[in-house]
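Asker: query35.cif is the file, holding mmCIF, C-alpha atoms:
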data_my_file
#
loop_
_atom_site.label_atom_id
_atom_site.label_comp_id
_atom_site.auth_asym_id
_atom_site.auth_seq_id
_atom_site.Cartn_x
_atom_site.Cartn_y
_atom_site.Cartn_z
CA MET A 257 8.14 -17.43 -34.83
CA THR A 258 11.31 -19.51 -34.62
CA HIS A 259 12.49 -20.64 -31.19
CA HIS A 260 15.97 -21.90 -30.38
CA ILE A 261 16.17 -24.65 -27.79
CA LYS A 262 18.98 -26.30 -25.88
CA VAL A 263 18.52 -29.80 -24.46
CA GLU A 264 21.12 -31.53 -22.28
CA MET A 265 20.58 -35.26 -21.99
CA VAL A 266 22.30 -38.44 -20.94
CA ASN A 267 24.56 -39.67 -23.75
CA ARG A 268 22.82 -42.97 -24.35
CA PHE A 269 21.60 -44.88 -27.36
CA GLY A 270 18.13 -43.72 -28.47
CA GLU A 271 17.85 -40.56 -26.35
CA LEU A 272 17.96 -38.19 -29.32
CA ALA A 273 15.29 -40.26 -31.09
CA ARG A 274 13.10 -40.08 -27.99
CA ILE A 275 13.35 -36.26 -27.88
CA VAL A 276 12.81 -35.87 -31.64
CA ASN A 277 9.75 -38.15 -31.48
CA LEU A 278 8.35 -36.11 -28.61
CA ILE A 279 8.80 -32.89 -30.57
CA SER A 280 7.35 -34.21 -33.83
CA GLY A 281 4.52 -35.93 -31.96
CA ARG A 282 3.45 -32.51 -30.67
CA GLY A 283 3.22 -31.18 -34.24
CA PHE A 284 6.50 -29.27 -34.44
CA ASN A 285 8.89 -29.45 -37.36
CA ILE A 286 12.59 -29.18 -36.49
CA GLU A 287 14.25 -26.64 -38.78
CA LYS A 288 17.83 -27.09 -37.51
CA LEU A 289 19.42 -29.72 -35.29
CA LEU A 290 22.91 -30.14 -33.88
CA ILE A 291 23.98 -32.75 -31.35
CA HIS A 292 27.38 -33.10 -29.73
CA THR A 293 29.05 -34.25 -26.56
CA THR A 294 29.99 -31.92 -23.73
CA ASP A 295 33.05 -31.89 -21.49
CA LYS A 296 31.14 -34.50 -19.45
CA PRO A 297 31.34 -37.72 -21.51
CA ASP A 298 27.99 -38.98 -20.25
CA ILE A 299 26.07 -35.82 -21.31
CA SER A 300 25.09 -34.78 -24.85
CA LEU A 301 23.89 -31.35 -25.93
CA ALA A 302 21.25 -30.86 -28.61
CA LYS A 303 20.51 -27.48 -30.15
CA LEU A 304 17.27 -27.16 -32.10
CA SER A 305 15.38 -24.52 -34.02
CA LEU A 306 11.66 -24.91 -34.47
CA ALA A 307 8.75 -22.67 -35.37
CA GLY A 308 5.62 -22.37 -33.31
CA ASP A 309 3.53 -20.46 -30.85
CA ARG A 310 5.51 -19.46 -27.73
CA ASN A 311 2.90 -20.91 -25.36
CA LYS A 312 2.99 -24.28 -27.14
CA VAL A 313 6.80 -24.27 -27.13
CA ASP A 314 6.76 -23.55 -23.37
CA VAL A 315 4.53 -26.60 -22.84
CA LEU A 316 6.86 -28.66 -25.06
CA ILE A 317 9.88 -27.61 -22.96
CA LYS A 318 8.08 -28.72 -19.78
CA GLN A 319 7.34 -32.08 -21.40
CA ILE A 320 10.97 -32.51 -22.49
CA ASN A 321 12.19 -31.64 -18.99
CA ARG A 322 9.99 -34.42 -17.57
CA GLN A 323 11.95 -37.04 -19.54
CA VAL A 324 14.03 -39.17 -17.17
CA ARG A 325 17.34 -38.78 -19.00
CA VAL A 326 17.07 -35.04 -19.74
CA THR A 327 19.14 -32.88 -17.41
CA GLU A 328 17.96 -29.51 -18.80
CA ALA A 329 15.82 -28.16 -21.62
CA ARG A 330 15.18 -24.48 -22.20
CA ILE A 331 14.54 -21.81 -24.79
CA LEU A 332 17.62 -19.70 -25.45
CA ASN A 333 17.37 -15.93 -25.08
CA GLU A 334 18.33 -13.53 -27.89
CA ASP A 335 21.84 -12.87 -26.52
CA GLU A 336 22.64 -16.58 -26.41
CA VAL A 337 21.34 -17.08 -29.95
CA GLU A 338 23.38 -14.14 -31.26
CA LYS A 339 26.59 -15.56 -29.74
CA ASP A 340 26.00 -19.08 -31.07
CA PHE A 341 27.57 -19.75 -34.47
CA PHE A 342 25.25 -22.71 -35.12
CA PHE A 343 22.11 -20.58 -35.10
CA ASN A 344 23.75 -17.73 -37.03
CA SER A 345 25.64 -19.74 -39.67
CA GLU A 346 23.10 -18.98 -42.42
CA ARG A 347 23.00 -15.27 -41.61
CA SER A 348 26.80 -14.93 -41.66
CA SER A 349 27.08 -16.52 -45.12
CA GLU A 350 24.53 -14.16 -46.71
#
So, in terms of structure tokens, how does the structure I just supplied come out?
Answerer:
Amino acid sequence: MTHHIKVEMVNRFGELARIVNLISGRGFNIEKLLIHTTDKPDISLAKLSLAGDRNKVDVLIKQINRQVRVTEARILNEDEVEKDFFFNSERSSE
């Protein structure tokens, strides 16, 4: 099953690489990735899609949240995914 994740982190050199390495080191393959700044210049937002068992993804989210420069990491619910153009861009073009 595909899970859609949002990670807010400090906008600093190497933070995205740290998160991506954590995810890939746990055996997950990132299917989609978007990173951009927020209205707070020191915070970046990453949106990811990855496939895996829900229990393993829950453990991954806890591990991401333990990172010093991560302010929030969570799995998005279905309503949030439906409203997000990034996650639905492939469906809308079909």
Asker: For the point (23.2, -40.6, -19.0) in file coordinates, what residues are within 7 Å, counting only C-alpha atoms? Give the answer as a VMD selection string?
Answerer: chain A and resid 265 to 268 298 to 299 325
Asker: With a distance cut-off of 8 Å and only C-alpha atoms, select the neighbouring residues of Ile286 (chain A), excluding the residue or stretch itself and same-chain residues fewer than 3 positions from it, and output the selection as a PDB file with C-alpha atoms, keeping the file's coordinate frame.
Answerer:
ATOM      1  CA  ILE A 279       8.800 -32.890 -30.570  1.00  0.00           C
ATOM      2  CA  SER A 280       7.350 -34.210 -33.830  1.00  0.00           C
ATOM      3  CA  LEU A 289      19.420 -29.720 -35.290  1.00  0.00           C
ATOM      4  CA  LEU A 304      17.270 -27.160 -32.100  1.00  0.00           C
ATOM      5  CA  SER A 305      15.380 -24.520 -34.020  1.00  0.00           C
ATOM      6  CA  LEU A 306      11.660 -24.910 -34.470  1.00  0.00           C
ATOM      7  CA  ALA A 307       8.750 -22.670 -35.370  1.00  0.00           C
TER       8      ALA A 307
END
Asker: When you draw a straight line from CA of Phe284 (chain A) to CA of His259 (chain A), how long is it in Å?
Answerer: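 Value for the CA of Phe284 (chain A)-CA of His259 (chain A) distance: 11.0 Å.
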Asker: Please report the interatomic distance between CA of Glu338 (chain A) and CA of Gln319 (chain A) in Å with one decimal.
Answerer: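 Straight-line distance from CA of Glu338 (chain A) to CA of Gln319 (chain A) works out to 26.0 Å.
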Asker: Expressed in Å to a single decimal, how great is the separation between CA of Asn277 (chain A) and CA of Asp335 (chain A)?
Answerer: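 These atoms are spaced 28.5 Å apart.
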Asker: Please determine, counting only C-alpha atoms, which residue among A:Leu316, A:Ser300, A:His260, A:Thr294 has the shortest atom-to-atom distance to Glu336 (chain A).
Answerer: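 When distances to Glu336 (chain A) are compared using only C-alpha atoms, the smallest one comes from A:His260.
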Asker: Considering only C-alpha atoms, state which residue in the set A:Pro297, A:Ala273, A:Glu334, A:Leu278 is at the smallest distance from Ile317 (chain A).
Answerer: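 Answer, going by the shortest atom-to-atom distance: A:Leu278.
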Asker: Could you check the closest approach to Ile275 (chain A) for each of A:Arg310, A:Lys339, A:Lys303, A:Lys296 and tell me which residue wins, using only C-alpha atoms?
Answerer: A:Lys303
Asker: Could you name the residues that touch Asp309 (chain A) at 7 Å or less, counting all atoms listed in the file, but leaving out those on the same chain fewer than 3 positions away, as a CSV table (one decimal) with C-alpha atoms, keeping the file's coordinate frame?
Answerer:
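Everything below was put into result16.csv:
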chain,number,residue,atom,x,y,z
A,257,MET,CA,8.1,-17.4,-34.8
A,312,LYS,CA,3.0,-24.3,-27.1
A,313,VAL,CA,6.8,-24.3,-27.1
Asker: Box along x, y and z, 3 Å on every side, all listed atoms of region 342-345 of chain A inside: centre and edge lengths in Å to one decimal, as AutoDock Vina command-line options.
Answerer:
--center_x 23.9 --center_y -20.2 --center_z -37.4 --size_x 9.5 --size_y 11.0 --size_z 10.6
Asker: Hey, which of A:Ile261, A:Leu272, A:Gly308, A:Asn321 ends up closest to Lys288 (chain A)? Count all atoms listed in the file.
Answerer: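 The answer is A:Ile261, which sits nearest to Lys288 (chain A).
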Asker: I'd like to know which of A:Asp314, A:Gln323, A:Gly283, A:Ala329 is closest to Glu264 (chain A), using all atoms listed in the file.
Answerer: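 With all atoms listed in the file as the atom set, the closest residue is A:Ala329.
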Asker: Would you please work out which residue, of A:Phe342, A:Ile331, A:Lys318, A:Val263, is nearest to Val276 (chain A) when using only C-alpha atoms?
Answerer: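 Looking only at the distances to Val276 (chain A), the closest residue turns out to be A:Val263.
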